[in-house]
Each structure stands twice: as structure tokens, then as C-alpha cells.
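Trainee: Next comes the structure file my_file.csv, holding CSV, C-alpha atoms and all ligand atoms.
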```
chain,number,residue,atom,x,y,z
Q,210,MET,CA,201.0,190.9,116.5
Q,211,PRO,CA,200.6,192.1,112.9
Q,212,ASP,CA,197.6,194.3,112.2
Q,213,PRO,CA,195.0,192.1,110.5
Q,214,LEU,CA,193.9,195.2,108.5
Q,215,GLU,CA,197.4,196.1,107.5
Q,216,LEU,CA,197.3,196.8,103.7
Q,217,PRO,CA,199.9,195.4,101.3
Q,218,SER,CA,202.6,197.8,100.0
Q,219,ARG,CA,201.2,199.6,97.0
Q,220,PRO,CA,202.6,199.3,93.5
Q,221,THR,CA,204.0,202.6,92.3
Q,222,VAL,CA,202.0,204.3,89.6
Q,223,ARG,CA,203.2,207.4,87.8
Q,224,PRO,CA,200.8,210.3,87.4
Q,225,VAL,CA,200.9,210.0,83.6
Q,226,ALA,CA,199.3,206.5,84.0
Q,227,TRP,CA,196.4,208.0,85.9
Q,228,ILE,CA,195.9,210.6,83.2
Q,229,ALA,CA,196.1,207.9,80.5
Q,230,LEU,CA,193.4,205.9,82.4
Q,231,ALA,CA,191.1,208.9,82.6
Q,232,VAL,CA,191.6,209.8,78.9
Q,233,SER,CA,191.0,206.2,77.8
Q,234,THR,CA,187.9,206.0,80.0
Q,235,LEU,CA,186.6,209.2,78.3
Q,236,ALA,CA,187.3,207.5,74.9
Q,237,VAL,CA,185.3,204.4,75.9
Q,238,LEU,CA,182.4,206.6,77.0
Q,239,LEU,CA,182.4,208.7,73.7
Q,240,VAL,CA,182.6,205.5,71.5
Q,241,HIS,CA,179.7,204.0,73.5
Q,242,LEU,CA,177.7,207.2,73.2
Q,243,GLU,CA,178.3,207.3,69.5
Q,244,ILE,CA,177.2,203.6,69.0
Q,245,ALA,CA,174.4,203.4,71.5
Q,246,VAL,CA,172.8,206.8,71.3
Q,247,ARG,CA,173.8,208.9,68.3
Q,248,ARG,CA,173.8,206.2,65.6
Q,249,THR,CA,170.6,204.6,66.8
Q,250,GLY,CA,168.8,207.9,67.4
Q,251,VAL,CA,167.9,206.7,71.0
Q,252,ALA,CA,166.5,209.5,73.1
Q,253,LEU,CA,169.1,211.1,75.5
Q,254,PHE,CA,166.7,211.0,78.4
Q,255,SER,CA,165.1,208.2,80.3
Q,256,PHE,CA,162.2,209.0,82.6
Q,257,ASP,CA,164.6,209.5,85.6
Q,258,SER,CA,167.2,211.6,83.9
Q,259,ALA,CA,164.5,213.8,82.3
Q,260,GLU,CA,163.2,214.4,85.8
Q,261,TYR,CA,166.7,215.3,87.0
Q,262,ALA,CA,167.2,217.6,84.0
Q,263,LEU,CA,163.9,219.4,84.6
Q,264,ALA,CA,164.6,219.9,88.3
Q,265,GLY,CA,168.1,221.1,87.3
Q,266,ARG,CA,166.7,223.6,84.9
Q,267,THR,CA,164.2,224.9,87.5
Q,268,LEU,CA,167.1,225.3,90.0
Q,269,ALA,CA,169.3,227.0,87.4
Q,270,THR,CA,166.6,229.5,86.3
Q,271,THR,CA,164.5,230.1,89.5
Q,272,GLY,CA,166.9,229.1,92.3
Q,273,ARG,CA,164.3,226.7,93.6
Q,274,LEU,CA,164.8,223.0,94.2
Q,275,ALA,CA,161.5,221.8,92.7
Q,276,THR,CA,160.3,219.3,90.3
Q,277,PRO,CA,157.3,219.1,87.9
Q,278,PHE,CA,157.1,215.3,88.6
Q,279,ALA,CA,155.2,213.8,91.6
Q,280,HIS,CA,154.3,210.3,92.6
Q,281,PRO,CA,150.6,209.8,91.9
Q,282,ALA,CA,150.0,209.0,95.6
Q,283,ILE,CA,150.9,212.5,96.7
Q,284,LEU,CA,149.3,214.4,93.8
Q,285,ALA,CA,146.1,215.0,95.8
Q,286,SER,CA,147.9,216.3,98.9
Q,287,ILE,CA,150.0,219.0,97.1
Q,288,PRO,CA,148.2,221.8,95.1
Q,289,GLY,CA,150.1,221.5,91.9
Q,290,PRO,CA,153.5,221.7,90.2
Q,291,PRO,CA,156.2,222.7,90.9
Q,292,PHE,CA,156.4,220.1,93.7
Q,293,PRO,CA,159.1,220.2,96.4
Q,294,LEU,CA,161.9,217.8,95.7
Q,295,LEU,CA,160.7,215.4,98.4
Q,296,VAL,CA,160.6,212.0,96.9
Q,297,GLY,CA,163.7,212.3,94.8
Q,298,HIS,CA,167.1,213.5,95.8
Q,299,PRO,CA,168.7,216.7,94.8
Q,300,LEU,CA,172.3,215.5,93.9
Q,301,VAL,CA,172.0,215.1,90.1
Q,302,PRO,CA,169.6,218.1,89.7
Q,303,VAL,CA,172.2,220.3,91.5
Q,304,LEU,CA,175.0,219.0,89.2
Q,305,ASP,CA,172.7,219.5,86.1
Q,306,ALA,CA,171.9,223.1,87.3
Q,307,LEU,CA,175.6,223.8,87.5
Q,308,VAL,CA,176.3,222.8,83.9
Q,309,PHE,CA,173.1,224.6,82.7
Q,310,ALA,CA,174.2,227.8,84.5
Q,311,ILE,CA,177.6,227.7,82.7
Q,312,GLY,CA,176.5,226.4,79.3
Q,313,GLY,CA,172.8,227.1,78.9
Q,314,ALA,CA,170.0,224.6,79.4
Q,315,ARG,CA,171.0,222.2,76.6
Q,316,PRO,CA,170.0,218.5,76.9
Q,317,ALA,CA,173.5,217.2,76.0
Q,318,LEU,CA,175.1,219.0,78.9
Q,319,THR,CA,173.4,216.6,81.3
Q,320,LEU,CA,175.9,214.1,80.1
Q,321,ILE,CA,178.7,216.0,81.6
Q,322,PRO,CA,178.0,215.3,85.3
Q,323,ALA,CA,177.2,211.7,84.5
Q,324,GLY,CA,180.3,211.3,82.3
Q,325,ALA,CA,182.6,213.0,84.9
Q,326,ALA,CA,181.2,210.6,87.5
Q,327,PHE,CA,181.8,207.7,85.1
Q,328,ILE,CA,185.5,208.7,84.8
Q,329,ALA,CA,185.7,209.3,88.5
Q,330,VAL,CA,184.3,205.8,89.3
Q,331,VAL,CA,186.7,204.1,86.9
Q,332,VAL,CA,189.8,206.0,88.3
Q,333,LEU,CA,188.7,205.5,91.9
Q,334,THR,CA,188.3,201.8,91.2
Q,335,ALA,CA,191.9,201.7,90.2
Q,336,VAL,CA,192.9,203.7,93.3
Q,337,LEU,CA,191.0,201.4,95.6
Q,338,ALA,CA,192.3,198.2,93.9
Q,339,ARG,CA,195.9,199.6,94.3
Q,340,ARG,CA,195.3,200.1,98.0
Q,341,VAL,CA,194.3,196.5,98.6
Q,342,SER,CA,196.6,194.6,96.2
Q,343,ALA,CA,200.3,194.5,95.7
Q,344,SER,CA,200.0,193.3,92.1
Q,345,PRO,CA,200.6,196.1,89.5
Q,346,TRP,CA,197.9,194.5,87.2
Q,347,VAL,CA,195.0,194.4,89.6
Q,348,PRO,CA,194.2,198.2,89.5
Q,349,TRP,CA,194.1,198.3,85.6
Q,350,THR,CA,192.1,195.1,85.3
Q,351,ALA,CA,189.5,196.3,87.9
Q,352,ALA,CA,189.3,199.7,86.2
Q,353,ALA,CA,188.8,198.1,82.7
Q,354,ALA,CA,186.1,195.8,84.1
Q,355,VAL,CA,184.1,198.7,85.4
Q,356,ALA,CA,184.7,200.9,82.4
Q,357,LEU,CA,183.5,198.2,80.0
Q,358,SER,CA,180.5,197.0,82.1
Q,359,PRO,CA,177.3,197.5,80.0
Q,360,TRP,CA,175.3,198.6,83.1
Q,361,VAL,CA,177.9,201.2,84.2
Q,362,LEU,CA,178.0,202.6,80.6
Q,363,ARG,CA,174.2,202.7,80.6
Q,364,TYR,CA,174.1,204.8,83.8
Q,365,ALA,CA,176.7,207.1,82.2
Q,366,ILE,CA,174.9,207.8,78.9
Q,367,GLU,CA,171.5,208.1,80.5
Q,368,GLY,CA,172.7,210.6,83.1
Q,369,LEU,CA,171.4,208.6,86.0
Q,370,SER,CA,172.2,209.2,89.7
Q,371,GLU,CA,173.9,205.9,90.5
Q,372,LEU,CA,177.3,207.0,89.3
Q,373,PRO,CA,177.7,210.2,91.2
Q,374,PHE,CA,176.6,208.4,94.4
Q,375,VAL,CA,179.0,205.5,93.7
Q,376,ALA,CA,181.9,207.9,93.1
Q,377,LEU,CA,181.2,209.6,96.4
Q,378,PHE,CA,180.9,206.3,98.2
Q,379,MET,CA,184.2,205.1,96.8
Q,380,ALA,CA,186.0,208.3,97.6
Q,381,ALA,CA,184.7,207.9,101.2
Q,382,LEU,CA,186.0,204.3,101.4
Q,383,ILE,CA,189.4,205.3,100.1
Q,384,LEU,CA,189.6,208.1,102.7
Q,385,LEU,CA,188.7,205.6,105.4
Q,386,LEU,CA,191.3,203.2,104.2
Q,387,ASP,CA,193.9,205.9,104.3
Q,388,LEU,CA,193.3,206.7,108.0
Q,389,ARG,CA,196.3,205.1,109.5
Q,390,GLU,CA,195.2,205.5,113.1
Q,391,ARG,CA,193.1,203.2,115.3
Q,392,PRO,CA,189.7,204.6,114.4
Q,393,ARG,CA,190.2,203.2,110.9
Q,394,PRO,CA,188.8,199.7,111.5
Q,395,LEU,CA,186.0,201.1,113.5
Q,396,LEU,CA,185.1,203.7,110.9
Q,397,LEU,CA,185.3,201.2,108.1
Q,398,GLY,CA,183.0,198.9,110.1
Q,399,VAL,CA,180.6,201.8,110.6
Q,400,ALA,CA,180.6,202.7,106.9
Q,401,LEU,CA,180.1,199.1,105.7
Q,402,TYR,CA,177.7,197.7,108.3
Q,403,ALA,CA,175.9,200.6,109.8
Q,404,GLN,CA,172.2,200.2,110.1
Q,405,PRO,CA,170.4,203.0,108.4
Q,406,PRO,CA,169.0,205.4,111.0
Q,407,GLY,CA,165.3,205.2,111.8
Q,408,LYS,CA,162.9,207.1,109.7
Q,409,SER,CA,161.7,210.6,110.7
Q,410,VAL,CA,158.0,211.4,111.1
Q,411,ASN,CA,158.1,213.3,107.8
Q,412,GLU,CA,159.7,210.3,106.0
Q,413,LEU,CA,157.0,208.1,107.5
Q,414,LYS,CA,154.3,210.4,106.2
Q,415,THR,CA,155.9,210.2,102.7
Q,416,PHE,CA,156.1,206.4,103.1
Q,417,TYR,CA,152.4,206.4,104.0
Q,418,ALA,CA,151.5,208.5,101.0
Q,419,LEU,CA,153.3,206.1,98.7
Q,420,ASN,CA,152.4,202.7,100.3
Q,421,CYS,CA,149.2,202.9,102.3
Q,422,VAL,CA,147.0,205.4,100.6
Q,423,ARG,CA,145.4,203.0,98.1
Q,424,CYS,CA,143.7,201.1,101.0
Q,425,HIS,CA,143.6,203.5,103.9
Q,426,GLY,CA,143.0,206.8,101.9
Q,427,HIS,CA,144.8,210.1,101.8
Q,428,ASP,CA,143.4,211.1,105.2
Q,429,GLY,CA,143.5,207.6,106.8
Q,430,SER,CA,139.7,207.4,106.7
Q,431,ALA,CA,139.8,204.5,104.2
Q,432,HIS,CA,137.7,206.6,101.7
Q,433,SER,CA,139.0,207.8,98.4
Q,434,PRO,CA,138.6,211.6,97.6
Q,435,LEU,CA,135.8,210.5,95.3
Q,436,GLY,CA,134.0,209.0,98.3
Q,437,LYS,CA,134.7,205.4,97.3
Q,438,LYS,CA,135.2,203.1,100.3
Q,439,LEU,CA,138.6,201.5,100.3
Q,440,GLY,CA,139.4,198.2,102.0
Q,441,GLY,CA,141.7,199.3,104.9
Q,442,LEU,CA,140.9,200.1,108.5
Q,443,ASP,CA,139.4,203.6,109.1
Q,444,PHE,CA,142.0,205.3,111.3
Q,445,THR,CA,139.7,208.3,111.9
Q,446,ASP,CA,137.1,206.1,113.5
Q,447,ALA,CA,137.8,207.1,117.1
Q,448,LYS,CA,135.7,204.3,118.7
Q,449,LYS,CA,137.5,201.6,116.8
Q,450,MET,CA,140.9,203.1,117.3
Q,451,ALA,CA,140.4,203.5,121.1
Q,452,LYS,CA,140.2,199.7,121.4
Q,453,LYS,CA,143.6,199.2,119.6
Q,454,VAL,CA,146.9,198.8,121.3
Q,455,ASP,CA,149.9,200.7,119.7
Q,456,ALA,CA,152.3,197.8,119.9
Q,457,ARG,CA,149.8,195.4,118.2
Q,458,LEU,CA,149.0,197.9,115.4
Q,459,ALA,CA,152.8,198.3,114.9
Q,460,LYS,CA,153.2,194.5,114.8
Q,461,THR,CA,150.4,194.2,112.1
Q,462,ILE,CA,152.1,196.9,109.9
Q,463,ARG,CA,155.3,194.8,109.9
Q,464,LYS,CA,153.6,191.4,109.6
Q,465,GLY,CA,150.7,192.2,107.3
Q,466,ILE,CA,147.3,190.6,107.5
Q,467,PHE,CA,146.4,187.1,106.4
Q,468,PHE,CA,149.8,186.2,104.9
Q,469,GLY,CA,150.0,189.5,103.0
Q,470,VAL,CA,146.8,188.8,101.1
Q,471,VAL,CA,144.6,191.3,102.9
Q,472,MET,CA,147.4,193.8,103.8
Q,473,PRO,CA,151.0,193.4,102.6
Q,474,PRO,CA,153.8,193.1,105.3
Q,475,PHE,CA,156.2,196.0,105.6
Q,476,LYS,CA,158.8,194.4,107.8
Q,477,ASN,CA,161.6,194.7,105.2
Q,478,ARG,CA,161.1,198.4,104.9
Q,479,LEU,CA,160.0,199.5,108.4
Q,480,SER,CA,161.9,198.7,111.5
Q,481,GLU,CA,160.1,198.0,114.8
Q,482,GLU,CA,160.8,201.6,115.8
Q,483,ASP,CA,159.6,202.9,112.4
Q,484,ALA,CA,156.3,201.0,112.7
Q,485,LEU,CA,155.7,202.2,116.3
Q,486,LEU,CA,156.3,205.8,115.3
Q,487,MET,CA,154.0,205.3,112.3
Q,488,VAL,CA,151.3,204.3,114.7
Q,489,THR,CA,151.9,207.0,117.4
Q,490,ASP,CA,152.8,210.0,115.3
Q,491,VAL,CA,151.1,209.4,111.9
Q,492,ILE,CA,148.1,207.0,112.3
Q,493,ARG,CA,147.0,208.2,115.7
Q,494,LYS,CA,147.2,211.9,114.6
Q,495,VAL,CA,145.0,211.6,111.5
Q,496,GLU,CA,142.2,214.2,110.9
Q,497,LYS,CA,139.3,213.4,108.6
Q,498,GLY,CA,139.7,215.3,105.3
Q,499,LYS,CA,143.3,216.3,105.9
Q,500,ALA,CA,145.8,214.4,103.7
Q,501,ILE,CA,148.7,212.7,105.4
Q,502,ALA,CA,151.7,214.4,103.8
Q,503,PRO,CA,155.1,215.6,105.0
Q,504,SER,CA,155.2,219.1,106.4
Q,505,GLU,CA,157.9,221.3,105.0
Q,601,LIG,C1,146.2,196.2,100.1
Q,601,LIG,C2,145.5,197.1,101.0
Q,601,LIG,C3,146.3,197.6,102.2
Q,601,LIG,C4,147.5,198.3,102.2
Q,601,LIG,C5,148.4,198.7,101.0
Q,601,LIG,C6,147.8,198.7,103.5
Q,601,LIG,N1,146.8,198.2,104.4
Q,601,LIG,FE1,146.6,198.4,106.4
Q,601,LIG,N2,145.0,197.3,106.4
Q,601,LIG,C7,144.3,196.8,105.3
Q,601,LIG,C8,143.1,196.1,105.7
Q,601,LIG,C9,142.2,195.4,104.7
Q,601,LIG,C10,143.1,196.1,107.1
Q,601,LIG,C11,142.0,195.5,108.0
Q,601,LIG,C12,140.8,196.4,108.0
Q,601,LIG,C13,139.9,196.1,109.2
Q,601,LIG,O1,140.3,195.5,110.1
Q,601,LIG,O2,138.8,196.6,109.1
Q,601,LIG,C14,144.2,196.9,107.5
Q,601,LIG,C15,144.5,197.2,108.8
Q,601,LIG,C16,145.6,198.0,109.2
Q,601,LIG,C17,145.9,198.4,110.5
Q,601,LIG,C18,145.1,197.9,111.8
Q,601,LIG,C19,145.7,196.6,112.2
Q,601,LIG,C20,145.0,196.1,113.5
Q,601,LIG,O3,145.7,195.4,114.2
Q,601,LIG,O4,143.8,196.4,113.7
Q,601,LIG,C21,146.9,199.2,110.5
Q,601,LIG,C22,147.6,199.9,111.7
Q,601,LIG,C23,147.3,199.4,109.1
Q,601,LIG,N3,146.5,198.6,108.4
Q,601,LIG,C24,148.4,200.2,108.7
Q,601,LIG,C25,148.8,200.2,107.4
Q,601,LIG,C26,150.0,201.0,107.0
Q,601,LIG,C27,150.8,201.9,107.9
Q,601,LIG,C28,150.1,200.7,105.7
Q,601,LIG,C29,151.2,201.3,104.8
Q,601,LIG,C30,152.6,201.1,105.2
Q,601,LIG,C31,149.1,199.9,105.3
Q,601,LIG,N4,148.3,199.6,106.4
Q,601,LIG,C32,148.9,199.4,104.0
Q,601,LIG,C33,144.7,197.0,104.0
Q,601,LIG,C34,145.9,197.6,103.5
```
Render the structure in this file as C-alpha cells.
Mentor:
Amino acid sequence: MPDPLELPSRPTVRPVAWIALAVSTLAVLLVHLEIAVRRTGVALFSFDSAEYALAGRTLATTGRLATPFAHPAILASIPGPPFPLLVGHPLVPVLDALVFAIGGARPALTLIPAGAAFIAVVVLTAVLARRVSASPWVPWTAAAAVALSPWVLRYAIEGLSELPFVALFMAALILLLDLRERPRPLLLGVALYAQPPGKSVNELKTFYALNCVRCHGHDGSAHSPLGKKLGGLDFTDAKKMAKKVDARLAKTIRKGIFFGVVMPPFKNRLSEEDALLMVTDVIRKVEKGKAIAPSE
């Protein structure tokens, strides 16, 4: 029986064609940068890319992965900047730190990681398309479509994190496609359909700080630091909590209260296991006056 995942024979592509693709992609990027940023005087940084650049500069100068930005919900639980890079991710700050270390902390250098990722995504699109199609035109059409997409170009000129992640993801897909042996279909299935793993207690504490504080308070007591009574249940009220059953509490977290009007449902963002762990290891462990925040 033929292998249903057998790939078509690939069109041959000479190395010079790949180089031409990379160079023309760079040209598209430079033209777009000239028209969209330099001519119009638009700022190089958006909020996100400024945050990456500052974290990158901190890493390049102090060797610490830290950020001067923090979500308002966790401001009260951490003494002050620099904050640990908890809520964000370190990929782009690390890449920015690398170019800063080589070329000095100049804003324009943040375009190098994003620009390189842009070129990588376009070339990898052609590589991937070549793996799955026998037509010699498909790789170049797919690559051109990605290179000229306004959103992809925006990610590139703003130095956002999407493109480095997409480049890594595409490289992983191509590696998996190239595994000729039996595990290939299995691994591809895992890569494409895997359920994300459950959240850790620390991740749940961050989730709490971002999503529950406004009604249940930093310490779970349903009081704001200014003493104002918030609307949610007081988790530090031992008498009330003793009457509650874990499984029911977990169910309420996923379902919300009164069609989401009183408390929003979180079923799309917390699995049943996540919600139960939130009850047993976060909510049941609150202490009055001690903010719920991830431990380092
Ligand atoms: C918009 C405000 C609001 C937000 C946001 C909110 N809650 Fe609630 N929550 C409430 C209210 C109101 C109650 C009911 C208070 C009472 O029973 O006295 C409640 C009750 C609960 C209960 C008790 C349910 C029961 O069966 O008795 C749990 C557990 C709970 N919330 C967890 C959470 C968690 C975890 C989050 C964040 C992921 C969250 N809540 C976010 C308002 C909110």
C-alpha cells in the first residue's frame, strides 16, 4: 500500500535561486521600511517592541533578564522595577541583546533580528512549499505571498516577536517532514495537534494576578490594598471556605457565575485540571495580606 504521507518528488532548485530569494526579500523589506517608517516619520517602536528593546538592553548591559514593564495587576506584588521577565517571553530580548552587544544599544539595530526572521520565514515558506508540491512555481508564489503580506511586513518593521517564533515553528515542521522513518507521522501529529500541557502552579498564580485580582483582591481576601471591598468571594474566610467542595469551586471557575455577568467563565483558558489546581494550590493556600504572585 502506498504511504498516504508520501511526499511528491521535489522540483530541483539551484542554490543561486535561494540566494536570489533571500536578497529580493531583503529588498522588499528595505523598500517597505523606507516608505512606511522613514518617509512618514513613524516611530520605530510600538509598545511591544519597545519593551523587548529595553529588556534586551538590560540583558546586554547587566546580564539580567529583566524588564521595566509590568502588568498593572502584578505591580503591587513586586517591589519595583526591574521586574523579572515573567509575563513576557525572553526570545526577542535575547536576540536584541545580541545585536546590542555587537553594535551598541542603537534603536535601529532591533530591526536586525526581526528582519532576519522575516527573510527566514519567506525562505522557509519556499522550502516547505517545495516539500509538499511537485510544481516548480508553488514555492516562489507562496514565498512572494508571505513577503508581500502587509501584516508580515508590519511584524518585521516593528520588531515584534511573531516572526522569530514562526521561523522556529516552520523550521521544526520542515525537520519533521524530513524524517523519513515511521515516527514522522506520529511526530507531525504531535506537533500539529498536541494539547498544550497543563499550567504549573506558578503559571496559575500569574493567571490569578492578571485575571482574578480585580474582584478577589491581591491576597484573595476580596479587598483592595486601599481597603475597598471588591465583589468576589473572600478566599481567606476560613468558615466560608470550609463549606466549599473543591470540585464545585473548580467548576464555577470554568463556568462563571450567572452567565458570566457576576463572574466571567474561564473555560476557554483553564482546563479542568488547571481549574482544580487553581483551587487546591492557589485559592486554598491564600494568606491574608500576602499577594498571590509566582515564586521565583
Ligand atoms: C468580575 C469579577 C470577578 C472576576 C474577574 C473573578 N471572579 Fe470569582 N467570583 C466573583 C463573585 C462576585 C463571586 C461570588 C461571591 C460570593 O459568592 O460571595 C465569585 C466567586 C468565586 C469562587 C467561589 C465559587 C463558589 O462556588 O462558591 C471562586 C472559586 C472564584 N470566584 C474564583 C475565581 C478565579 C480563580 C478567578 C480568576 C481566574 C475569578 N474568580 C475571577 C467575581 C469575580
Trainee: Kindly provide the residues of chain Q that approach ligand LIG 601 (chain Q) to within 8 Å, each paired with its closest atom pair and their distance in Å to one decimal, based on all atoms listed in the file, listed by chain and increasing number, as a tab-separated table.
Mentor:
```
residue	atom	partner	partner_atom	distance
Q:Phe416	CA	Q:LIG601	C30	6.7
Q:Tyr417	CA	Q:LIG601	C29	5.3
Q:Asn420	CA	Q:LIG601	C29	4.9
Q:Cys421	CA	Q:LIG601	C29	3.6
Q:Val422	CA	Q:LIG601	C5	6.9
Q:Arg423	CA	Q:LIG601	C5	6.0
Q:Cys424	CA	Q:LIG601	C2	4.4
Q:His425	CA	Q:LIG601	N1	6.2
Q:Gly440	CA	Q:LIG601	C9	4.8
Q:Gly441	CA	Q:LIG601	C8	3.6
Q:Leu442	CA	Q:LIG601	C12	3.7
Q:Asp443	CA	Q:LIG601	O2	7.0
Q:Phe444	CA	Q:LIG601	C22	7.8
Q:Lys453	CA	Q:LIG601	O4	6.5
Q:Val454	CA	Q:LIG601	O3	8.0
Q:Arg457	CA	Q:LIG601	O3	5.7
Q:Leu458	CA	Q:LIG601	O3	4.3
Q:Ala459	CA	Q:LIG601	C22	6.3
Q:Lys460	CA	Q:LIG601	O3	7.6
Q:Thr461	CA	Q:LIG601	C19	5.3
Q:Ile462	CA	Q:LIG601	C24	5.1
Q:Gly465	CA	Q:LIG601	FE1	7.5
Q:Ile466	CA	Q:LIG601	C10	6.9
Q:Val470	CA	Q:LIG601	C1	7.5
Q:Val471	CA	Q:LIG601	C9	5.1
Q:Met472	CA	Q:LIG601	C34	4.1
Q:Pro473	CA	Q:LIG601	C4	6.0
Q:Phe475	CA	Q:LIG601	C30	6.3
Q:Ala484	CA	Q:LIG601	C27	7.4
Q:Met487	CA	Q:LIG601	C27	6.4
Q:Val488	CA	Q:LIG601	C22	6.5
Q:Ile492	CA	Q:LIG601	C22	7.1
```
Trainee: Closest to Ser430 (chain Q) among Q:Ile366, Q:Ile501, Q:Ala262, Q:Val336, using all atoms listed in the file?
Mentor: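 Of Q:Ile366, Q:Ile501, Q:Ala262, Q:Val336, the one nearest Ser430 (chain Q), counting all atoms listed in the file, is Q:Ile501.
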Trainee: Considering only C-alpha atoms, state which residue in the set Q:Ser433, Q:Thr319, Q:Thr249, Q:Ser218 is at the smallest distance from Ala365 (chain Q).
Mentor: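 So, comparing all the options, the nearest one is Q:Thr319.
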Trainee: Go through Q:Ala456, Q:Val308, Q:Val330, Q:Val246 and flag the residue nearest Phe374 (chain Q), using all atoms listed in the file for the distances.
Mentor: Q:Val330
Trainee: Take the point (192.1, 209.9, 86.4) in the file's coordinates, draw a sphere of radius 7 Å around it, and report as a short mmCIF file (atom, residue, chain, number, x, y, z; two decimals) with C-alpha atoms, keeping the file's coordinate frame every protein, DNA or RNA residue with an atom inside or on it, counting all atoms listed in the file.
Mentor:
```
data_model
loop_
_atom_site.label_atom_id
_atom_site.label_comp_id
_atom_site.auth_asym_id
_atom_site.auth_seq_id
_atom_site.Cartn_x
_atom_site.Cartn_y
_atom_site.Cartn_z
CA TRP Q 227 196.40 208.00 85.90
CA ILE Q 228 195.90 210.60 83.20
CA LEU Q 230 193.40 205.90 82.40
CA ALA Q 231 191.10 208.90 82.60
CA ILE Q 328 185.50 208.70 84.80
CA ALA Q 329 185.70 209.30 88.50
CA VAL Q 332 189.80 206.00 88.30
#
```
Trainee: Counting only C-alpha atoms, figure out which residue out of Q:Pro302, Q:Val355, Q:Pro373, Q:Phe254 gets nearest to Thr276 (chain Q).
Mentor: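 Nearest to Thr276 (chain Q): Q:Pro302.
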Trainee: Rounded to one decimal place, report the CA of Gly498 (chain Q)-CA of Asp428 (chain Q) distance in Å.
Mentor: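 Atom-to-atom, CA of Gly498 (chain Q) and CA of Asp428 (chain Q) are spaced 5.6 Å apart.
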